[in-house]
$ cat work08.cif   # mmCIF, C-alpha atoms and all ligand atoms
data_structure
loop_
_atom_site.label_atom_id
_atom_site.label_comp_id
_atom_site.auth_asym_id
_atom_site.auth_seq_id
_atom_site.Cartn_x
_atom_site.Cartn_y
_atom_site.Cartn_z
CA MET A 1324 161.53 17.83 8.32
CA ILE A 1325 161.60 18.13 12.10
CA TYR A 1326 159.75 20.91 13.86
CA LYS A 1327 158.68 21.66 17.40
CA THR A 1328 155.41 22.77 18.88
CA HIS A 1329 154.00 23.70 22.28
CA ALA A 1330 151.07 21.46 23.02
CA ILE A 1331 148.68 20.07 25.58
CA ILE A 1332 148.09 16.36 25.22
CA ILE A 1333 144.36 15.70 25.35
CA SER A 1334 144.07 12.01 24.51
CA SER A 1335 146.01 8.85 23.79
CA ASN A 1336 145.14 5.65 21.95
CA GLU A 1337 147.13 2.50 21.53
CA VAL A 1338 147.90 1.25 18.05
CA LYS A 1339 149.71 -1.96 17.28
CA GLU A 1340 151.83 -3.35 20.03
CA TYR A 1341 154.16 -0.51 20.82
CA ASP A 1342 152.85 2.55 19.04
CA ARG A 1343 150.45 5.12 20.36
CA PHE A 1344 148.35 7.89 18.85
CA TYR A 1345 147.98 11.17 20.69
CA GLY A 1346 145.50 13.96 20.28
CA ILE A 1347 147.15 17.29 20.97
CA LEU A 1348 146.13 20.92 21.09
CA SER A 1349 149.04 22.84 19.69
CA ALA A 1350 149.66 26.55 20.14
CA GLU A 1351 151.01 26.83 16.62
CA HIS A 1352 149.07 24.19 14.69
CA GLY A 1353 145.68 23.79 16.38
CA LYS A 1354 144.22 20.36 17.04
CA LYS A 1355 146.34 17.55 15.70
CA ASP A 1356 146.75 13.78 15.87
CA ILE A 1357 150.31 12.54 16.12
CA ILE A 1358 151.98 9.16 16.51
CA ALA A 1359 154.72 7.97 18.83
CA LYS A 1360 156.45 4.76 17.82
CA GLY A 1361 157.79 2.33 20.37
CA VAL A 1362 156.48 4.47 23.19
CA ARG A 1363 155.21 1.57 25.28
CA LYS A 1364 158.55 -0.19 24.95
CA ILE A 1365 160.58 2.78 26.02
CA THR A 1366 158.15 3.78 28.81
CA ALA A 1367 160.64 6.53 29.46
CA LYS A 1368 160.52 10.29 29.48
CA LEU A 1369 158.89 10.32 26.09
CA ALA A 1370 155.80 8.48 27.34
CA CYS A 1371 155.70 10.61 30.47
CA GLY A 1372 155.73 13.84 28.49
CA LEU A 1373 152.95 12.55 26.26
CA GLU A 1374 150.55 11.55 29.01
CA PRO A 1375 147.14 13.23 28.60
CA ILE A 1376 146.80 16.48 30.63
CA THR A 1377 150.46 17.42 30.17
CA TYR A 1378 151.87 20.58 28.67
CA SER A 1379 154.94 19.70 26.60
CA GLU A 1380 157.15 20.98 23.87
CA ILE A 1381 157.04 18.23 21.27
CA PHE A 1382 159.51 17.61 18.47
CA LEU A 1383 157.86 16.09 15.44
CA ALA A 1384 159.04 14.59 12.19
CA GLU A 1385 156.67 15.20 9.31
CA GLY A 1386 155.06 11.98 8.14
CA ARG A 1387 152.79 11.05 5.26
CA ALA A 1388 149.71 10.41 7.35
CA TYR A 1389 150.76 11.46 10.86
CA ASP A 1390 153.69 13.39 12.21
CA ARG A 1391 155.89 11.29 14.45
CA VAL A 1392 157.22 12.28 17.88
CA THR A 1393 161.00 12.42 18.11
CA GLY A 1394 161.41 14.19 21.43
CA VAL A 1395 159.57 15.83 24.31
CA ILE A 1396 160.37 18.54 26.83
CA ILE A 1397 157.86 18.62 29.68
CA HIS A 1398 156.68 22.10 30.71
CA ASP A 1399 153.96 21.22 33.19
CA GLN A 1400 152.61 17.87 34.30
CA PHE A 1401 149.75 19.28 36.38
CA THR A 1402 150.45 16.79 39.15
CA GLU A 1403 147.71 18.09 41.48
CA ILE A 1404 145.13 17.45 38.78
CA LYS A 1405 146.48 13.99 38.07
CA LYS A 1406 146.37 13.08 41.77
CA ASP A 1407 142.66 13.76 41.97
CA LEU A 1408 140.22 11.55 40.10
CA GLU A 1409 137.47 14.19 40.19
CA LYS A 1410 139.78 16.78 38.69
CA ILE A 1411 140.87 14.36 35.97
CA LYS A 1412 137.23 13.67 35.10
CA GLU A 1413 136.48 17.39 34.97
CA VAL A 1414 139.43 18.13 32.66
CA ARG A 1415 138.63 15.18 30.38
CA LYS A 1416 135.05 16.42 30.06
CA PHE A 1417 136.33 19.87 29.19
CA PHE A 1418 138.82 18.50 26.64
CA LYS A 1419 136.05 16.48 25.01
CA ILE A 1420 133.91 19.58 24.48
CA ILE A 1421 136.90 21.48 23.08
CA ASP A 1422 137.71 18.55 20.81
CA TRP A 1423 134.11 18.49 19.48
CA LEU A 1424 134.12 22.25 18.93
CA LEU A 1425 137.42 22.23 17.08
CA ARG A 1426 136.07 19.65 14.66
CA GLU A 1427 133.94 22.49 13.30
CA LYS A 1428 136.96 24.61 12.50
CA SER A 1429 140.61 24.68 13.53
CA LEU A 1430 142.02 27.76 15.23
CA GLU A 1431 145.26 29.18 13.95
CA GLY A 1432 147.38 32.32 14.23
CA GLU A 1433 146.62 34.74 17.02
CA GLU A 1434 143.34 33.09 17.97
CA GLY A 1435 145.04 29.72 18.28
CA ARG A 1436 147.72 31.24 20.45
CA GLU A 1437 145.27 33.05 22.76
CA PHE A 1438 143.16 29.94 23.05
CA PHE A 1439 146.21 27.86 23.94
CA ASP A 1440 147.45 30.37 26.52
CA GLY A 1441 143.95 30.56 28.02
CA LEU A 1442 143.76 26.80 28.31
CA VAL A 1443 147.18 26.56 29.98
CA PHE A 1444 146.10 29.37 32.33
CA TYR A 1445 142.98 27.40 33.28
CA LEU A 1446 144.93 24.17 33.85
CA LYS A 1447 147.50 25.95 36.03
CA LEU A 1448 144.71 27.42 38.16
CA PHE A 1449 143.01 24.06 38.46
CA ASP A 1450 146.35 22.51 39.40
CA GLN A 1451 146.60 24.65 42.54
CA LYS A 1452 145.70 22.91 45.78
CA ASP A 1453 143.06 25.38 46.89
CA SER A 1454 141.89 26.83 43.63
CA ASP A 1455 138.88 29.12 43.93
CA ASN A 1456 136.06 27.19 42.33
CA LEU A 1457 134.07 30.22 41.13
CA LYS A 1458 137.14 31.82 39.54
CA LEU A 1459 137.91 28.52 37.86
CA GLN A 1460 134.43 28.35 36.38
CA LEU A 1461 134.69 31.94 35.16
CA VAL A 1462 137.92 31.10 33.32
CA LYS A 1463 136.55 27.82 31.95
CA PHE A 1464 133.45 29.55 30.58
CA ALA A 1465 135.68 32.29 29.15
CA VAL A 1466 137.59 29.67 27.16
CA LEU A 1467 134.32 28.22 25.85
CA TRP A 1468 132.75 31.58 24.97
CA LYS A 1469 135.90 32.64 23.12
CA LEU A 1470 135.69 29.42 21.14
CA ILE A 1471 132.00 30.08 20.42
CA TYR A 1472 132.98 33.52 19.13
CA TRP A 1473 135.99 32.38 17.10
CA LEU A 1474 134.03 29.57 15.50
CA GLY A 1475 131.45 32.12 14.34
CA PHE A 1476 128.58 31.31 16.68
CA GLN A 1477 128.64 34.41 18.89
CA PRO A 1478 125.05 35.44 19.77
CA GLN A 1479 124.13 39.12 19.67
CA ILE A 1480 124.76 40.65 23.12
CA PHE A 1481 125.02 44.36 22.37
CA CYS A 1482 121.79 45.15 20.58
CA CYS A 1483 118.52 43.37 19.88
CA ALA A 1484 119.10 40.32 17.68
CA ASN A 1485 115.82 41.01 15.90
CA CYS A 1486 115.53 44.80 15.37
CA SER A 1487 119.17 45.81 16.02
CA GLU A 1488 118.09 48.55 18.43
CA LYS A 1489 120.49 49.29 21.28
CA LEU A 1490 119.44 47.45 24.43
CA LYS A 1491 117.88 49.51 27.22
CA GLU A 1492 119.16 49.24 30.79
CA GLN A 1493 117.16 46.59 32.59
CA ASP A 1494 117.78 44.02 35.28
CA PHE A 1495 116.93 41.04 33.12
CA TYR A 1496 116.99 40.30 29.42
CA GLN A 1497 115.74 37.41 27.32
CA MET A 1498 118.32 35.54 25.31
CA ILE A 1499 117.06 33.43 22.45
CA LEU A 1500 119.83 31.15 21.31
CA PRO A 1501 121.50 30.94 18.88
CA SER A 1502 120.43 34.49 17.86
CA GLY A 1503 121.00 36.49 21.03
CA ILE A 1504 119.24 39.03 23.24
CA VAL A 1505 115.83 40.12 22.00
CA CYS A 1506 114.32 43.41 23.21
CA GLU A 1507 110.97 43.72 25.02
CA ASP A 1508 109.21 45.23 21.99
CA CYS A 1509 110.29 42.43 19.70
CA LEU A 1510 109.39 39.80 22.28
CA LYS A 1511 105.79 41.07 22.18
CA THR A 1512 105.50 40.71 18.42
CA LEU A 1513 107.73 37.69 17.81
CA ARG A 1514 106.27 34.27 18.10
CA VAL A 1515 109.12 32.69 19.97
CA VAL A 1516 109.25 29.00 19.35
CA SER A 1517 112.70 28.32 20.75
CA GLN A 1518 113.47 28.51 24.40
CA LYS A 1519 114.14 31.85 26.05
CA GLN A 1520 116.98 32.15 28.54
CA ARG A 1521 116.50 34.70 31.28
CA THR A 1522 119.79 36.59 31.45
CA SER A 1523 120.62 39.01 34.25
CA LYS A 1524 122.38 42.27 33.48
CA ASP A 1525 125.48 41.18 35.42
CA VAL A 1526 125.76 37.98 33.42
CA LEU A 1527 125.31 39.94 30.20
CA LYS A 1528 128.20 42.15 31.34
CA ILE A 1529 130.38 39.09 31.85
CA LEU A 1530 129.48 37.75 28.39
CA ARG A 1531 130.52 41.10 26.91
CA ILE A 1532 133.84 40.96 28.73
CA TYR A 1533 134.36 37.40 27.44
CA TYR A 1534 133.77 38.73 23.94
CA GLN A 1535 135.94 41.82 24.21
CA LYS A 1536 138.82 40.84 26.47
CA ASN A 1537 141.52 38.23 26.74
CA ILE A 1538 140.55 34.93 28.42
CA LYS A 1539 142.79 35.67 31.41
CA THR A 1540 140.76 38.81 32.23
CA ALA A 1541 138.01 36.48 33.47
CA PHE A 1542 140.13 35.71 36.50
CA LYS A 1543 139.77 39.29 37.75
CA LEU A 1544 135.98 39.24 37.64
CA LYS A 1545 133.75 38.70 40.63
CA ILE A 1546 130.86 36.32 40.45
CA SER A 1547 128.28 34.69 42.72
CA SER A 1548 127.47 31.01 42.52
CA GLN A 1549 124.02 31.95 41.23
CA GLN A 1550 125.58 33.91 38.36
CA ALA A 1551 127.96 31.03 37.66
CA ASN A 1552 124.94 28.72 37.35
CA GLU A 1553 123.26 31.17 35.02
CA ILE A 1554 126.31 31.26 32.77
CA ARG A 1555 126.58 27.48 32.91
CA ARG A 1556 122.98 27.10 31.71
CA LEU A 1557 123.52 29.56 28.86
CA THR A 1558 126.76 27.86 27.87
CA ILE A 1559 125.12 24.44 27.82
CA VAL A 1560 122.35 25.70 25.52
CA ALA A 1561 124.79 27.59 23.26
CA LEU A 1562 127.09 24.57 22.93
CA GLY A 1563 124.14 22.23 22.46
CA ASN A 1564 123.00 24.33 19.47
CA ILE A 1565 126.44 24.27 17.89
CA LEU A 1566 127.23 20.64 18.49
CA GLY A 1567 123.77 19.19 18.11
CA ARG A 1568 124.22 17.25 21.33
CA ARG A 1569 123.81 17.89 25.01
CA VAL A 1570 126.98 18.77 26.80
CA ASP A 1571 127.68 18.30 30.46
CA LEU A 1572 129.45 21.18 32.19
ZN ZN A 1601 114.13 44.33 19.10
#
$ encode --input "work08.cif" --output "structure tokens"
Amino acid sequence: MIYKTHAIIISSNEVKEYDRFYGILSAEHGKKDIIAKGVRKITAKLACGLEPITYSEIFLAEGRAYDRVTGVIIHDQFTEIKKDLEKIKEVRKFFKIIDWLLREKSLEGEEGREFFDGLVFYLKLFDQKDSDNLKLQLVKFAVLWKLIYWLGFQPQIFCCANCSEKLKEQDFYQMILPSGIVCEDCLKTLRVVSQKQRTSKDVLKILRIYYQKNIKTAFKLKISSQQANEIRRLTIVALGNILGRRVDL
């Protein structure tokens, strides 16, 4: 059976002389490995539409082990990204983290769709010549925090992770990952072994928006570079806990 899917190509690997494996993130089917036969011989449109960091509509024939590419319609090649080695590195790093996270669990249905749309949104922003770096980071972190939530690792950010009391208004909170924010009273009595992350009230607000709203909402938020660094640190620790390895963001 032949079917089509909207996908972002995240990786490619050569097999045999002319065949190639591709890792794709599909809007409809989550993360998937597919095969294209004779792709290096044809070197034509097919190969072009399957280059990593491309958004394509891919036609696939169901196979026993891997589904096989029969056709490709290119939607976006992200040429500004591909022109810039630093941007390519950045996207590859991001794809790698997403790939690791989606090994834990595949996203399907509405979550898969929102994730896919969010990722395309991020890539389109990054593909602009003068993309606002802080906005870009906000959207990138939004994608990651949505994944953290969907995969079931969302820390508590609305009440105390220990006593479940509503959090009082304060300028700074202490986040203990992977559990979440712990209130002042509990901090006094708890013997905290794991590392505490100082979290400002503005950053906590952003984390709540990440949790409650669509990924694209992140683009409308305002952020300072200091807050962006704070979110980066939190994200690195949160992802490190999930993946059991240090990630570079
Ligand atoms: Zn408490």
$ closest_atom_pairs --input "work08.cif" --of "chain A" --to "ligand ZN 1601 (chain A)" --cutoff "10 Å" --atoms "all atoms listed in the file" --output "Markdown table"
| residue | atom | partner | partner_atom | distance |
| --- | --- | --- | --- | --- |
| A:Cys1482 | CA | A:ZN1601 | ZN | 7.8 |
| A:Cys1483 | CA | A:ZN1601 | ZN | 4.6 |
| A:Ala1484 | CA | A:ZN1601 | ZN | 6.5 |
| A:Asn1485 | CA | A:ZN1601 | ZN | 4.9 |
| A:Cys1486 | CA | A:ZN1601 | ZN | 4.0 |
| A:Ser1487 | CA | A:ZN1601 | ZN | 6.1 |
| A:Glu1488 | CA | A:ZN1601 | ZN | 5.8 |
| A:Lys1489 | CA | A:ZN1601 | ZN | 8.4 |
| A:Leu1490 | CA | A:ZN1601 | ZN | 8.1 |
| A:Ile1504 | CA | A:ZN1601 | ZN | 8.4 |
| A:Val1505 | CA | A:ZN1601 | ZN | 5.4 |
| A:Cys1506 | CA | A:ZN1601 | ZN | 4.2 |
| A:Glu1507 | CA | A:ZN1601 | ZN | 6.7 |
| A:Asp1508 | CA | A:ZN1601 | ZN | 5.8 |
| A:Cys1509 | CA | A:ZN1601 | ZN | 4.3 |
| A:Leu1510 | CA | A:ZN1601 | ZN | 7.3 |
| A:Lys1511 | CA | A:ZN1601 | ZN | 9.5 |
| A:Thr1512 | CA | A:ZN1601 | ZN | 9.4 |
| A:Leu1513 | CA | A:ZN1601 | ZN | 9.3 |
$ closest_residue --input "work08.cif" --among "A:Glu1433, A:Asp1525, A:Asp1342, A:Glu1385" --to "Tyr1496 of chain A" --atoms "all atoms listed in the file"
A:Asp1525
$ atom_distance --input "work08.cif" --atom1 "atom CA of Leu1459 of chain A" --atom2 "atom CA of His1352 of chain A"
26.1 Å
$ closest_residue --input "work08.cif" --among "A:Tyr1378, A:Tyr1389, A:Phe1476, A:Trp1468" --to "His1329 of chain A" --atoms "only C-alpha atoms"
A:Tyr1378
$ closest_residue --input "work08.cif" --among "A:Phe1449, A:Trp1473, A:Tyr1533, A:Phe1464" --to "Glu1409 of chain A" --atoms "all atoms listed in the file"
A:Phe1449
$ closest_residue --input "work08.cif" --among "A:Leu1425, A:Ala1541, A:Val1338, A:Ala1350" --to "Leu1461 of chain A" --atoms "only C-alpha atoms"
A:Ala1541
$ closest_residue --input "work08.cif" --among "A:Gly1441, A:Gly1346, A:Gly1563, A:Gly1475" --to "Thr1377 of chain A" --atoms "only C-alpha atoms"
A:Gly1346
$ atom_distance --input "work08.cif" --atom1 "atom CA of Ala1561 of chain A" --atom2 "atom CA of Ile1420 of chain A"
12.2 Å
$ closest_residue --input "work08.cif" --among "A:Cys1371, A:Leu1530, A:Leu1442, A:Ile1554" --to "Ser1349 of chain A" --atoms "only C-alpha atoms"
A:Leu1442
$ atom_distance --input "work08.cif" --atom1 "atom CA of Lys1463 of chain A" --atom2 "atom CA of Tyr1445 of chain A"
6.6 Å
$ residues_near_point --input "work08.cif" --point "(115.6, 36.0, 31.2)" --cutoff "6 Å" --atoms "only C-alpha atoms" --output "list in words"
Phe1495, Tyr1496, Gln1497, Gln1520, Arg1521 and Thr1522 of chain A
$ residues_around --input "work08.cif" --residues "Tyr1472 of chain A" --least-positions-apart "6" --cutoff "12 Å" --atoms "only C-alpha atoms" --output "number ranges by chain"
A: 1424, 1428, 1430, 1434, 1438, 1465-1466, 1478-1480, 1501, 1530-1531, 1533-1536, 1561-1562, 1565
$ residues_around --input "work08.cif" --residues "Lys1354 of chain A" --least-positions-apart "3" --cutoff "12 Å" --atoms "all atoms listed in the file" --output "count of residues only"
31
$ decode --input "work08.cif" --residues "segment 1483-1495 of chain A" --atoms "C-alpha atoms" --output "PDB file, in the first residue's frame"
ATOM      1  CA  CYS A1483       4.838  22.732  45.776  1.00  0.00           C
ATOM      2  CA  ALA A1484       6.114  19.382  44.504  1.00  0.00           C
ATOM      3  CA  ASN A1485       6.439  18.174  48.089  1.00  0.00           C
ATOM      4  CA  CYS A1486       3.387  19.418  50.048  1.00  0.00           C
ATOM      5  CA  SER A1487       1.111  20.383  47.119  1.00  0.00           C
ATOM      6  CA  GLU A1488       0.392  23.793  48.649  1.00  0.00           C
ATOM      7  CA  LYS A1489      -0.224  26.620  46.193  1.00  0.00           C
ATOM      8  CA  LEU A1490       2.957  28.620  45.620  1.00  0.00           C
ATOM      9  CA  LYS A1491       3.156  32.070  47.199  1.00  0.00           C
ATOM     10  CA  GLU A1492       4.141  35.102  45.141  1.00  0.00           C
ATOM     11  CA  GLN A1493       7.887  35.550  45.381  1.00  0.00           C
ATOM     12  CA  ASP A1494      10.665  36.780  43.136  1.00  0.00           C
ATOM     13  CA  PHE A1495      12.579  33.522  43.146  1.00  0.00           C
TER      14      PHE A1495
END
